[in-house]
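Containing mmCIF, C-alpha atoms: protein-v1.cif.
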data_data
#
loop_
_atom_site.group_PDB
_atom_site.id
_atom_site.type_symbol
_atom_site.label_atom_id
_atom_site.label_comp_id
_atom_site.auth_asym_id
_atom_site.auth_seq_id
_atom_site.Cartn_x
_atom_site.Cartn_y
_atom_site.Cartn_z
ATOM 1 C CA MET A 210 0.028 44.830 237.763
ATOM 2 C CA ALA A 211 2.661 42.284 236.925
ATOM 3 C CA PHE A 212 1.988 41.963 233.201
ATOM 4 C CA TYR A 213 4.937 41.316 230.875
ATOM 5 C CA SER A 214 3.964 43.008 227.615
ATOM 6 C CA SER A 215 0.368 43.747 226.657
ATOM 7 C CA GLN A 216 0.568 41.682 223.466
ATOM 8 C CA ARG A 217 2.057 38.673 225.181
ATOM 9 C CA PHE A 218 -0.421 38.733 228.051
ATOM 10 C CA GLU A 219 -3.357 39.068 225.645
ATOM 11 C CA ASP A 220 -2.180 36.182 223.479
ATOM 12 C CA ILE A 221 -1.435 33.851 226.377
ATOM 13 C CA CYS A 222 -4.762 34.619 228.028
ATOM 14 C CA GLU A 223 -6.727 33.879 224.861
ATOM 15 C CA ARG A 224 -4.815 30.653 224.259
ATOM 16 C CA GLU A 225 -5.275 29.356 227.819
ATOM 17 C CA THR A 226 -8.813 30.565 228.518
ATOM 18 C CA GLY A 227 -10.478 31.148 225.164
ATOM 19 C CA VAL A 228 -11.350 34.684 226.301
ATOM 20 C CA LEU A 229 -10.464 37.542 223.968
ATOM 21 C CA LEU A 230 -9.117 40.620 225.733
ATOM 22 C CA LYS A 231 -9.589 44.058 224.225
ATOM 23 C CA LEU A 232 -6.896 46.599 224.996
ATOM 24 C CA ASP A 233 -7.364 50.105 226.402
ATOM 25 C CA VAL A 234 -11.160 50.261 226.212
ATOM 26 C CA LEU A 235 -12.384 53.650 227.419
ATOM 27 C CA GLY A 236 -14.217 53.278 230.707
ATOM 28 C CA ALA A 237 -16.453 56.241 229.885
ATOM 29 C CA LYS A 238 -18.084 54.169 227.134
ATOM 30 C CA LEU A 239 -19.011 51.387 229.548
ATOM 31 C CA THR A 240 -20.708 53.284 232.366
ATOM 32 C CA SER A 241 -23.863 55.346 232.773
ATOM 33 C CA PHE A 242 -21.725 58.155 234.239
ATOM 34 C CA ALA A 243 -19.855 58.499 230.912
ATOM 35 C CA ILE A 244 -16.664 59.053 232.915
ATOM 36 C CA GLY A 245 -13.426 57.122 233.093
ATOM 37 C CA GLY A 246 -10.064 56.521 231.450
ATOM 38 C CA PRO A 247 -8.829 53.435 229.593
ATOM 39 C CA ILE A 248 -9.187 49.933 230.974
ATOM 40 C CA SER A 249 -6.022 47.963 230.216
ATOM 41 C CA TYR A 250 -7.865 44.717 229.452
ATOM 42 C CA TYR A 251 -11.592 44.353 228.907
ATOM 43 C CA CYS A 252 -13.577 41.287 227.908
ATOM 44 C CA VAL A 253 -17.077 39.880 227.644
ATOM 45 C CA VAL A 254 -17.362 36.364 229.062
ATOM 46 C CA ASP A 255 -20.001 34.165 227.448
ATOM 47 C CA SER A 256 -20.020 31.049 229.629
ATOM 48 C CA ILE A 257 -19.410 29.888 233.178
ATOM 49 C CA GLU A 258 -16.553 27.685 231.956
ATOM 50 C CA ASP A 259 -14.821 30.633 230.289
ATOM 51 C CA LEU A 260 -15.273 32.668 233.441
ATOM 52 C CA LYS A 261 -13.772 29.887 235.557
ATOM 53 C CA SER A 262 -10.836 29.556 233.143
ATOM 54 C CA LEU A 263 -10.203 33.299 233.185
ATOM 55 C CA LEU A 264 -10.375 33.430 236.974
ATOM 56 C CA LYS A 265 -7.963 30.485 237.279
ATOM 57 C CA TYR A 266 -5.518 32.016 234.821
ATOM 58 C CA LEU A 267 -5.498 35.409 236.523
ATOM 59 C CA LYS A 268 -5.109 33.780 239.930
ATOM 60 C CA SER A 269 -2.026 31.937 238.634
ATOM 61 C CA ARG A 270 -0.619 35.366 237.782
ATOM 62 C CA SER A 271 -1.684 36.826 241.165
ATOM 63 C CA GLU A 272 -4.003 39.210 239.348
ATOM 64 C CA LYS A 273 -7.524 40.232 240.271
ATOM 65 C CA LEU A 274 -10.599 40.201 238.072
ATOM 66 C CA LEU A 275 -13.104 43.044 238.284
ATOM 67 C CA ILE A 276 -16.645 42.213 237.218
ATOM 68 C CA MET A 277 -18.705 45.003 235.727
ATOM 69 C CA GLY A 278 -22.464 44.659 235.694
ATOM 70 C CA ALA A 279 -24.441 47.236 233.757
ATOM 71 C CA GLY A 280 -21.929 49.923 234.788
ATOM 72 C CA SER A 281 -24.704 52.006 236.325
ATOM 73 C CA ASN A 282 -23.255 52.380 239.811
ATOM 74 C CA ILE A 283 -19.546 52.823 239.090
ATOM 75 C CA LEU A 284 -17.105 55.718 238.907
ATOM 76 C CA ILE A 285 -13.954 54.839 236.957
ATOM 77 C CA PRO A 286 -10.867 57.015 237.616
ATOM 78 C CA ASP A 287 -9.641 59.435 234.953
ATOM 79 C CA GLU A 288 -6.394 57.511 234.704
ATOM 80 C CA GLY A 289 -8.368 54.344 233.995
ATOM 81 C CA ILE A 290 -7.845 50.851 235.408
ATOM 82 C CA ARG A 291 -4.638 48.896 235.159
ATOM 83 C CA GLY A 292 -6.077 45.401 235.181
ATOM 84 C CA VAL A 293 -8.697 43.062 233.752
ATOM 85 C CA VAL A 294 -12.375 43.989 233.723
ATOM 86 C CA ALA A 295 -14.991 41.509 232.544
ATOM 87 C CA ARG A 296 -18.661 41.811 231.746
ATOM 88 C CA LEU A 297 -20.986 38.799 231.653
ATOM 89 C CA GLY A 298 -22.293 38.138 228.148
ATOM 90 C CA ARG A 299 -25.358 36.710 226.425
ATOM 91 C CA ALA A 300 -25.293 33.375 228.263
ATOM 92 C CA PHE A 301 -26.129 35.294 231.431
ATOM 93 C CA HIS A 302 -29.175 37.039 229.929
ATOM 94 C CA PHE A 303 -32.208 34.859 230.674
ATOM 95 C CA CYS A 304 -35.359 34.472 232.721
ATOM 96 C CA GLN A 305 -36.627 30.943 233.377
ATOM 97 C CA LYS A 306 -39.721 29.951 235.291
ATOM 98 C CA ALA A 307 -38.760 27.603 238.138
ATOM 99 C CA GLY A 308 -42.142 27.223 239.824
ATOM 100 C CA PRO A 309 -45.654 28.700 239.914
ATOM 101 C CA GLN A 310 -44.334 32.058 241.141
ATOM 102 C CA SER A 311 -40.561 31.566 241.135
ATOM 103 C CA PHE A 312 -37.977 32.454 238.503
ATOM 104 C CA VAL A 313 -34.264 32.048 237.840
ATOM 105 C CA VAL A 314 -32.761 35.072 236.108
ATOM 106 C CA GLY A 315 -29.315 35.498 234.612
ATOM 107 C CA ALA A 316 -26.985 37.874 236.423
ATOM 108 C CA ALA A 317 -26.521 40.050 233.328
ATOM 109 C CA SER A 318 -30.270 40.457 232.709
ATOM 110 C CA PRO A 319 -31.337 44.132 232.905
ATOM 111 C CA ILE A 320 -33.422 44.503 236.051
ATOM 112 C CA MET A 321 -35.661 47.126 234.431
ATOM 113 C CA SER A 322 -36.550 44.756 231.592
ATOM 114 C CA LEU A 323 -37.282 41.966 234.065
ATOM 115 C CA SER A 324 -39.513 44.297 236.061
ATOM 116 C CA ARG A 325 -41.457 45.303 232.978
ATOM 117 C CA MET A 326 -41.813 41.780 231.607
ATOM 118 C CA LEU A 327 -42.862 40.127 234.862
ATOM 119 C CA SER A 328 -45.222 42.873 236.003
ATOM 120 C CA ASP A 329 -46.857 42.895 232.552
ATOM 121 C CA GLU A 330 -47.447 39.160 232.998
ATOM 122 C CA GLY A 331 -49.173 39.743 236.337
ATOM 123 C CA TYR A 332 -46.400 38.899 238.795
ATOM 124 C CA SER A 333 -45.985 41.277 241.725
ATOM 125 C CA GLY A 334 -42.854 42.007 243.742
ATOM 126 C CA LEU A 335 -40.430 43.484 241.224
ATOM 127 C CA GLU A 336 -42.396 46.584 240.247
ATOM 128 C CA PHE A 337 -40.049 48.744 242.338
ATOM 129 C CA ALA A 338 -37.177 47.971 239.935
ATOM 130 C CA GLY A 339 -38.906 49.461 236.896
ATOM 131 C CA GLY A 340 -36.572 52.453 236.955
ATOM 132 C CA ILE A 341 -33.358 50.882 238.271
ATOM 133 C CA PRO A 342 -30.729 50.845 235.474
ATOM 134 C CA GLY A 343 -28.687 47.846 236.532
ATOM 135 C CA SER A 344 -28.269 44.108 236.063
ATOM 136 C CA ALA A 345 -29.903 41.423 238.191
ATOM 137 C CA GLY A 346 -26.531 40.386 239.595
ATOM 138 C CA GLY A 347 -25.572 43.940 240.471
ATOM 139 C CA ALA A 348 -29.004 44.595 241.961
ATOM 140 C CA LEU A 349 -28.608 41.558 244.202
ATOM 141 C CA THR A 350 -25.045 42.417 245.234
ATOM 142 C CA MET A 351 -26.010 45.900 246.406
ATOM 143 C CA ASN A 352 -29.495 44.886 247.563
ATOM 144 C CA ALA A 353 -30.936 47.535 245.268
ATOM 145 C CA GLY A 354 -34.269 49.008 246.191
ATOM 146 C CA ALA A 355 -36.799 51.773 245.710
ATOM 147 C CA HIS A 356 -40.280 52.753 246.874
ATOM 148 C CA GLY A 357 -39.852 50.918 250.175
ATOM 149 C CA SER A 358 -38.942 47.566 248.597
ATOM 150 C CA SER A 359 -35.625 45.897 247.850
ATOM 151 C CA MET A 360 -34.107 42.776 246.328
ATOM 152 C CA SER A 361 -33.990 41.129 249.750
ATOM 153 C CA ASP A 362 -37.800 40.971 249.675
ATOM 154 C CA ILE A 363 -37.898 38.658 246.658
ATOM 155 C CA VAL A 364 -34.538 36.830 246.494
ATOM 156 C CA THR A 365 -34.616 33.202 247.605
ATOM 157 C CA GLY A 366 -31.125 32.218 246.500
ATOM 158 C CA ALA A 367 -28.426 32.557 243.866
ATOM 159 C CA ARG A 368 -25.798 30.647 241.931
ATOM 160 C CA VAL A 369 -22.371 32.201 242.369
ATOM 161 C CA LEU A 370 -18.746 31.632 241.501
ATOM 162 C CA SER A 371 -16.433 31.826 244.493
ATOM 163 C CA ALA A 372 -13.055 33.536 244.431
ATOM 164 C CA ASP A 373 -11.570 30.018 244.210
ATOM 165 C CA GLY A 374 -13.537 29.230 241.056
ATOM 166 C CA GLU A 375 -16.142 26.973 242.667
ATOM 167 C CA VAL A 376 -19.792 27.183 241.578
ATOM 168 C CA LEU A 377 -22.008 27.410 244.653
ATOM 169 C CA ASP A 378 -25.774 27.436 245.103
ATOM 170 C CA LEU A 379 -26.722 29.809 247.908
ATOM 171 C CA THR A 380 -29.988 29.987 249.817
ATOM 172 C CA LYS A 381 -31.441 33.132 251.321
ATOM 173 C CA ASP A 382 -29.907 32.200 254.676
ATOM 174 C CA ASP A 383 -26.441 32.518 253.141
ATOM 175 C CA PHE A 384 -26.943 36.243 252.585
ATOM 176 C CA ARG A 385 -26.534 38.967 255.188
ATOM 177 C CA PHE A 386 -28.940 41.503 253.771
ATOM 178 C CA VAL A 387 -28.688 45.043 255.076
ATOM 179 C CA TYR A 388 -29.461 48.377 253.477
ATOM 180 C CA ARG A 389 -27.766 48.448 250.035
ATOM 181 C CA ASN A 390 -25.661 45.355 250.695
ATOM 182 C CA ALA A 391 -26.312 41.627 250.341
ATOM 183 C CA GLY A 392 -23.264 40.682 252.396
ATOM 184 C CA LEU A 393 -21.555 38.614 249.700
ATOM 185 C CA PRO A 394 -17.862 37.859 250.292
ATOM 186 C CA GLU A 395 -15.366 39.875 248.274
ATOM 187 C CA GLY A 396 -14.533 38.290 244.946
ATOM 188 C CA MET A 397 -17.755 36.289 244.702
ATOM 189 C CA ILE A 398 -19.414 36.587 241.282
ATOM 190 C CA VAL A 399 -23.178 36.275 240.885
ATOM 191 C CA LEU A 400 -24.131 33.998 237.969
ATOM 192 C CA SER A 401 -27.909 33.825 238.411
ATOM 193 C CA VAL A 402 -30.538 34.937 240.913
ATOM 194 C CA ASN A 403 -33.574 33.057 242.238
ATOM 195 C CA ILE A 404 -36.617 35.195 242.962
ATOM 196 C CA GLU A 405 -40.095 34.512 244.334
ATOM 197 C CA LEU A 406 -42.955 36.759 243.255
ATOM 198 C CA THR A 407 -46.716 36.798 243.832
ATOM 199 C CA GLU A 408 -49.337 36.151 241.179
ATOM 200 C CA SER A 409 -51.648 39.115 240.863
ATOM 201 C CA ASN A 410 -53.815 41.012 238.397
ATOM 202 C CA ARG A 411 -51.900 41.997 235.244
ATOM 203 C CA GLU A 412 -53.448 45.428 234.976
ATOM 204 C CA LYS A 413 -52.725 46.114 238.645
ATOM 205 C CA THR A 414 -49.051 45.084 238.541
ATOM 206 C CA LYS A 415 -48.486 46.914 235.261
ATOM 207 C CA ARG A 416 -50.132 50.066 236.631
ATOM 208 C CA THR A 417 -48.129 49.874 239.873
ATOM 209 C CA ARG A 418 -44.839 49.666 237.965
ATOM 210 C CA GLN A 419 -45.818 52.522 235.673
ATOM 211 C CA GLU A 420 -46.837 54.727 238.609
ATOM 212 C CA MET A 421 -43.538 54.031 240.388
ATOM 213 C CA LEU A 422 -41.603 54.820 237.216
ATOM 214 C CA LYS A 423 -43.588 58.033 236.710
ATOM 215 C CA GLU A 424 -42.779 59.114 240.261
ATOM 216 C CA ARG A 425 -39.104 58.319 239.731
ATOM 217 C CA ARG A 426 -38.967 60.353 236.526
ATOM 218 C CA ALA A 427 -40.604 63.304 238.274
ATOM 219 C CA ARG A 428 -38.054 63.522 241.086
ATOM 220 C CA GLN A 429 -34.832 62.195 239.562
ATOM 221 C CA PRO A 430 -32.754 63.603 236.653
ATOM 222 C CA LEU A 431 -32.903 60.453 234.549
ATOM 223 C CA GLN A 432 -32.183 62.334 231.311
ATOM 224 C CA PHE A 433 -28.572 63.055 232.326
ATOM 225 C CA ALA A 434 -25.531 60.810 232.591
ATOM 226 C CA SER A 435 -25.094 59.764 236.217
ATOM 227 C CA ALA A 436 -24.599 56.807 238.529
ATOM 228 C CA GLY A 437 -27.878 57.308 240.373
ATOM 229 C CA SER A 438 -27.896 57.967 244.110
ATOM 230 C CA VAL A 439 -24.396 58.908 245.207
ATOM 231 C CA PHE A 440 -24.775 58.376 248.958
ATOM 232 C CA LYS A 441 -26.689 55.904 251.078
ATOM 233 C CA ASN A 442 -29.521 57.367 253.120
ATOM 234 C CA PRO A 443 -28.440 57.641 256.780
ATOM 235 C CA SER A 444 -32.080 56.955 257.734
ATOM 236 C CA MET A 445 -35.584 57.184 256.313
ATOM 237 C CA GLU A 446 -36.106 60.362 258.325
ATOM 238 C CA LYS A 447 -32.865 61.905 257.114
ATOM 239 C CA PRO A 448 -32.318 60.954 253.465
ATOM 240 C CA ALA A 449 -29.010 61.998 251.936
ATOM 241 C CA GLY A 450 -30.671 64.190 249.305
ATOM 242 C CA LEU A 451 -32.491 66.257 251.908
ATOM 243 C CA LEU A 452 -29.326 66.705 253.977
ATOM 244 C CA ILE A 453 -27.329 67.843 250.940
ATOM 245 C CA GLU A 454 -30.134 70.185 249.917
ATOM 246 C CA LYS A 455 -30.285 71.711 253.419
ATOM 247 C CA ALA A 456 -26.528 72.237 253.197
ATOM 248 C CA GLY A 457 -27.225 74.528 250.235
ATOM 249 C CA LEU A 458 -25.474 72.429 247.615
ATOM 250 C CA LYS A 459 -28.171 71.895 244.983
ATOM 251 C CA GLY A 460 -26.890 73.032 241.601
ATOM 252 C CA VAL A 461 -23.262 73.400 242.708
ATOM 253 C CA ARG A 462 -20.806 72.568 239.915
ATOM 254 C CA ILE A 463 -17.173 71.567 239.855
ATOM 255 C CA GLY A 464 -15.754 71.174 236.382
ATOM 256 C CA GLY A 465 -18.304 69.317 234.286
ATOM 257 C CA ALA A 466 -20.051 67.648 237.231
ATOM 258 C CA GLU A 467 -23.102 69.088 238.948
ATOM 259 C CA ILE A 468 -25.192 68.315 242.022
ATOM 260 C CA SER A 469 -28.626 67.981 240.477
ATOM 261 C CA LYS A 470 -31.118 70.784 241.042
ATOM 262 C CA LEU A 471 -33.882 68.179 240.958
ATOM 263 C CA HIS A 472 -32.434 65.670 243.435
ATOM 264 C CA ALA A 473 -29.441 66.634 245.553
ATOM 265 C CA ASN A 474 -28.246 63.048 246.017
ATOM 266 C CA TRP A 475 -27.570 62.774 242.288
ATOM 267 C CA ILE A 476 -24.376 64.079 240.729
ATOM 268 C CA ILE A 477 -24.896 64.458 237.008
ATOM 269 C CA ASN A 478 -22.648 64.813 233.978
ATOM 270 C CA PRO A 479 -24.874 67.074 231.804
ATOM 271 C CA ALA A 480 -22.530 67.676 228.883
ATOM 272 C CA LYS A 481 -20.659 64.377 229.301
ATOM 273 C CA ASP A 482 -17.421 66.272 229.816
ATOM 274 C CA ALA A 483 -17.013 65.760 233.565
ATOM 275 C CA LYS A 484 -13.946 64.103 235.059
ATOM 276 C CA ALA A 485 -13.846 61.617 237.901
ATOM 277 C CA VAL A 486 -11.928 64.186 239.953
ATOM 278 C CA ASP A 487 -14.861 66.600 239.535
ATOM 279 C CA VAL A 488 -17.286 64.035 240.938
ATOM 280 C CA LEU A 489 -14.947 63.118 243.791
ATOM 281 C CA ALA A 490 -14.544 66.803 244.676
ATOM 282 C CA LEU A 491 -18.330 67.238 244.835
ATOM 283 C CA MET A 492 -18.653 64.095 246.955
ATOM 284 C CA LYS A 493 -16.009 65.408 249.346
ATOM 285 C CA LEU A 494 -17.811 68.763 249.536
ATOM 286 C CA CYS A 495 -21.152 67.073 250.286
ATOM 287 C CA LYS A 496 -19.657 64.911 253.014
ATOM 288 C CA GLN A 497 -17.918 67.840 254.711
ATOM 289 C CA ARG A 498 -20.892 70.210 254.552
ATOM 290 C CA VAL A 499 -23.344 67.605 255.888
ATOM 291 C CA LEU A 500 -20.921 66.602 258.624
ATOM 292 C CA ASP A 501 -20.492 70.240 259.656
ATOM 293 C CA MET A 502 -24.223 70.948 259.502
ATOM 294 C CA ALA A 503 -25.767 67.789 260.952
ATOM 295 C CA GLY A 504 -22.908 65.763 262.425
ATOM 296 C CA ILE A 505 -23.740 62.949 260.007
ATOM 297 C CA GLU A 506 -21.077 61.223 257.916
ATOM 298 C CA LEU A 507 -22.434 60.261 254.517
ATOM 299 C CA GLU A 508 -21.432 56.890 253.092
ATOM 300 C CA ALA A 509 -20.980 56.433 249.350
ATOM 301 C CA GLU A 510 -23.468 54.213 247.531
ATOM 302 C CA ILE A 511 -21.666 54.348 244.199
ATOM 303 C CA LYS A 512 -18.550 52.236 243.773
ATOM 304 C CA VAL A 513 -15.355 54.161 243.098
ATOM 305 C CA TRP A 514 -12.967 51.869 241.262
#

Could you quickly redo this structure as structure tokens?
Amino acid sequence: MAFYSSQRFEDICERETGVLLKLDVLGAKLTSFAIGGPISYYCVVDSIEDLKSLLKYLKSRSEKLLIMGAGSNILIPDEGIRGVVARLGRAFHFCQKAGPQSFVVGAASPIMSLSRMLSDEGYSGLEFAGGIPGSAGGALTMNAGAHGSSMSDIVTGARVLSADGEVLDLTKDDFRFVYRNAGLPEGMIVLSVNIELTESNREKTKRTRQEMLKERRARQPLQFASAGSVFKNPSMEKPAGLLIEKAGLKGVRIGGAEISKLHANWIINPAKDAKAVDVLALMKLCKQRVLDMAGIELEAEIKVW
């Protein structure tokens, strides 16, 4: 990146945008994978205006801004990130009722907490997210899903910030939902998400969420550091985990990273000493073995920064 000196860039940025940049924050401390080297500049942005100012300032320097949600679907390189990474702060944590069954939720709101709160209040539609460790904005961006449901089933719109710094209100028709992708243009930042649920019986919705979470805990290694499912499922009939398992790779380790013995589409960091290169080597091995065995090319679901 075209920074002058770290001190000068930090000072100028704070003066012009009001955003305080922290230097060399370890990426491993910000992600569920517990992997990653230092991030040159990291900040938490607490308002839309601050975010717009930061985006404008970086654009004037021909620099990009990376937005980190909950950090639950990201692999940060061992050498870290030479750039600016921002996380949305407290102003983006909210859930407001917008109609009898509709809600507006802040992009930084934990999707698991929203699932628990809304299902406990008797609203159905978000129970599937009871075990998804991400933010509402991240869940929308990747069209997160589980148990046969996904964000596309309940999203009716969103407020976003374009790459040019313009706040836009999108409707469902503006999205191009496909499996694990909402079709948002590159550089677009989700600020809030509009969802439509169904009023139901509180005990029923609560029980449904709890049963889904129990099933998830039984078949996924949630107790270990990871980024969740590593690869997208090629099809419902041929899920990535089954293909990797048939390729004989369950339990295979490289360095500190391991293909889970419980679910082959999860690469875990059991002792939190794995490197990004270990994970990438396991991903490469999985892709090659599955391609050789089944002629299927696996596509990564996690984001490698």

Would you please work out which residue, of A:Phe303, A:Phe242, A:Tyr266, A:Phe386, is nearest to Gly280 in chain A when using only C-alpha atoms?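 Closest candidate: A:Phe242.
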
Show me, as a Markdown table, the residues of range 252-320 of chain A having an atom within 7 Å of range 424-442 of chain A, each with the closest atom pair and its distance in Å, using only C-alpha atoms.
| residue | atom | partner | partner_atom | distance |
| --- | --- | --- | --- | --- |
| A:Ser281 | CA | A:Ala436 | CA | 5.3 |
| A:Asn282 | CA | A:Ala436 | CA | 4.8 |
| A:Ile283 | CA | A:Ala436 | CA | 6.5 |

Can those selected residues be exported to a file as a PDB file, in the coordinates of the input so that it contains C-alpha atoms?
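Output file result30.pdb is given in full below:
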ATOM      1  CA  SER A 281     -24.704  52.006 236.325  1.00  0.00           C
ATOM      2  CA  ASN A 282     -23.255  52.380 239.811  1.00  0.00           C
ATOM      3  CA  ILE A 283     -19.546  52.823 239.090  1.00  0.00           C
TER       4      ILE A 283
END

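The list of residues within 6 Å of (-37.3, 38.7, 244.2), counted using only C-alpha atoms, is A:Met360, A:Asp362, A:Ile363, A:Val364, A:Ile404, A:Glu405.
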
Sphere at (-9.7, 31.6, 226.4), radius 12 Å, counting only C-alpha atoms: residues as a ChimeraX atom specification: /A:218-230,252-267

CA of Leu507 in chain A to CA of Val387 in chain A: how many Å, to one decimal? 16.5 Å

Extract, using all atoms listed in the file, all DNA, RNA and protein residues at most 8 Å from Glu408 in chain A, discarding same-chain residues fewer than 5 positions from it, and format them as a list in words. Gln310, Gly331, Tyr332 and Ser333 of chain A

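Nearest residue to Leu379 in chain A among A:Ala391, A:Gly340, A:Ala485, A:Thr365 is A:Thr365, counting all atoms listed in the file.
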
May I ask which of the residues A:Thr407, A:Asp233, A:Val499, A:Leu491 is the closest one to Pro309 in chain A, counting all atoms listed in the file?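 Answer, going by the shortest atom-to-atom distance: A:Thr407.
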
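One finds CA of Gln497 in chain A at 14.3 Å from CA of Val461 in chain A.
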
For CA of Asp383 in chain A and CA of Glu395 in chain A, determine how far apart the two atoms are, in Å to one decimal place. 14.2 Å

Between A:Ser469, A:Asn410, A:Gln419, A:Ser401, single out the one closest to Val313 in chain A, counting only C-alpha atoms.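 Checking each of A:Ser469, A:Asn410, A:Gln419, A:Ser401 against Val313 in chain A, counting only C-alpha atoms, the winner is A:Ser401.
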
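In this comparison, which uses all atoms listed in the file, the residue of A:Thr414, A:Val293, A:Ala355, A:Ile285 approaching Gly334 in chain A most closely is A:Thr414.
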
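Residue membership of the PyMOL selection byres ((chain A and resi 357) around 12) in the shown file amounts to Gly334, Leu335, Glu336, Phe337, Ala338, Ala353, Gly354, Ala355, His356, Ser358, Ser359, Met360, Ser361, Asp362, Tyr388, Met421 and Met445 of chain A.
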
Report as JSON, numbers by chain the residues that result from applying the PyMOL selection byres ((chain A and resi 314) around 12) to the structure here. {"A": [300, 301, 302, 303, 304, 305, 306, 307, 311, 312, 313, 315, 316, 317, 318, 319, 320, 322, 323, 324, 327, 344, 345, 346, 348, 349, 364, 365, 366, 367, 368, 399, 400, 401, 402, 403, 404, 405]}

Those same residues, written as an mmCIF file, keeping the file's coordinate frame with C-alpha atoms?
data_model
loop_
_atom_site.group_PDB
_atom_site.id
_atom_site.type_symbol
_atom_site.label_atom_id
_atom_site.label_comp_id
_atom_site.auth_asym_id
_atom_site.auth_seq_id
_atom_site.Cartn_x
_atom_site.Cartn_y
_atom_site.Cartn_z
ATOM 1 C CA ALA A 300 -25.293 33.375 228.263
ATOM 2 C CA PHE A 301 -26.129 35.294 231.431
ATOM 3 C CA HIS A 302 -29.175 37.039 229.929
ATOM 4 C CA PHE A 303 -32.208 34.859 230.674
ATOM 5 C CA CYS A 304 -35.359 34.472 232.721
ATOM 6 C CA GLN A 305 -36.627 30.943 233.377
ATOM 7 C CA LYS A 306 -39.721 29.951 235.291
ATOM 8 C CA ALA A 307 -38.760 27.603 238.138
ATOM 9 C CA SER A 311 -40.561 31.566 241.135
ATOM 10 C CA PHE A 312 -37.977 32.454 238.503
ATOM 11 C CA VAL A 313 -34.264 32.048 237.840
ATOM 12 C CA GLY A 315 -29.315 35.498 234.612
ATOM 13 C CA ALA A 316 -26.985 37.874 236.423
ATOM 14 C CA ALA A 317 -26.521 40.050 233.328
ATOM 15 C CA SER A 318 -30.270 40.457 232.709
ATOM 16 C CA PRO A 319 -31.337 44.132 232.905
ATOM 17 C CA ILE A 320 -33.422 44.503 236.051
ATOM 18 C CA SER A 322 -36.550 44.756 231.592
ATOM 19 C CA LEU A 323 -37.282 41.966 234.065
ATOM 20 C CA SER A 324 -39.513 44.297 236.061
ATOM 21 C CA LEU A 327 -42.862 40.127 234.862
ATOM 22 C CA SER A 344 -28.269 44.108 236.063
ATOM 23 C CA ALA A 345 -29.903 41.423 238.191
ATOM 24 C CA GLY A 346 -26.531 40.386 239.595
ATOM 25 C CA ALA A 348 -29.004 44.595 241.961
ATOM 26 C CA LEU A 349 -28.608 41.558 244.202
ATOM 27 C CA VAL A 364 -34.538 36.830 246.494
ATOM 28 C CA THR A 365 -34.616 33.202 247.605
ATOM 29 C CA GLY A 366 -31.125 32.218 246.500
ATOM 30 C CA ALA A 367 -28.426 32.557 243.866
ATOM 31 C CA ARG A 368 -25.798 30.647 241.931
ATOM 32 C CA VAL A 399 -23.178 36.275 240.885
ATOM 33 C CA LEU A 400 -24.131 33.998 237.969
ATOM 34 C CA SER A 401 -27.909 33.825 238.411
ATOM 35 C CA VAL A 402 -30.538 34.937 240.913
ATOM 36 C CA ASN A 403 -33.574 33.057 242.238
ATOM 37 C CA ILE A 404 -36.617 35.195 242.962
ATOM 38 C CA GLU A 405 -40.095 34.512 244.334
#
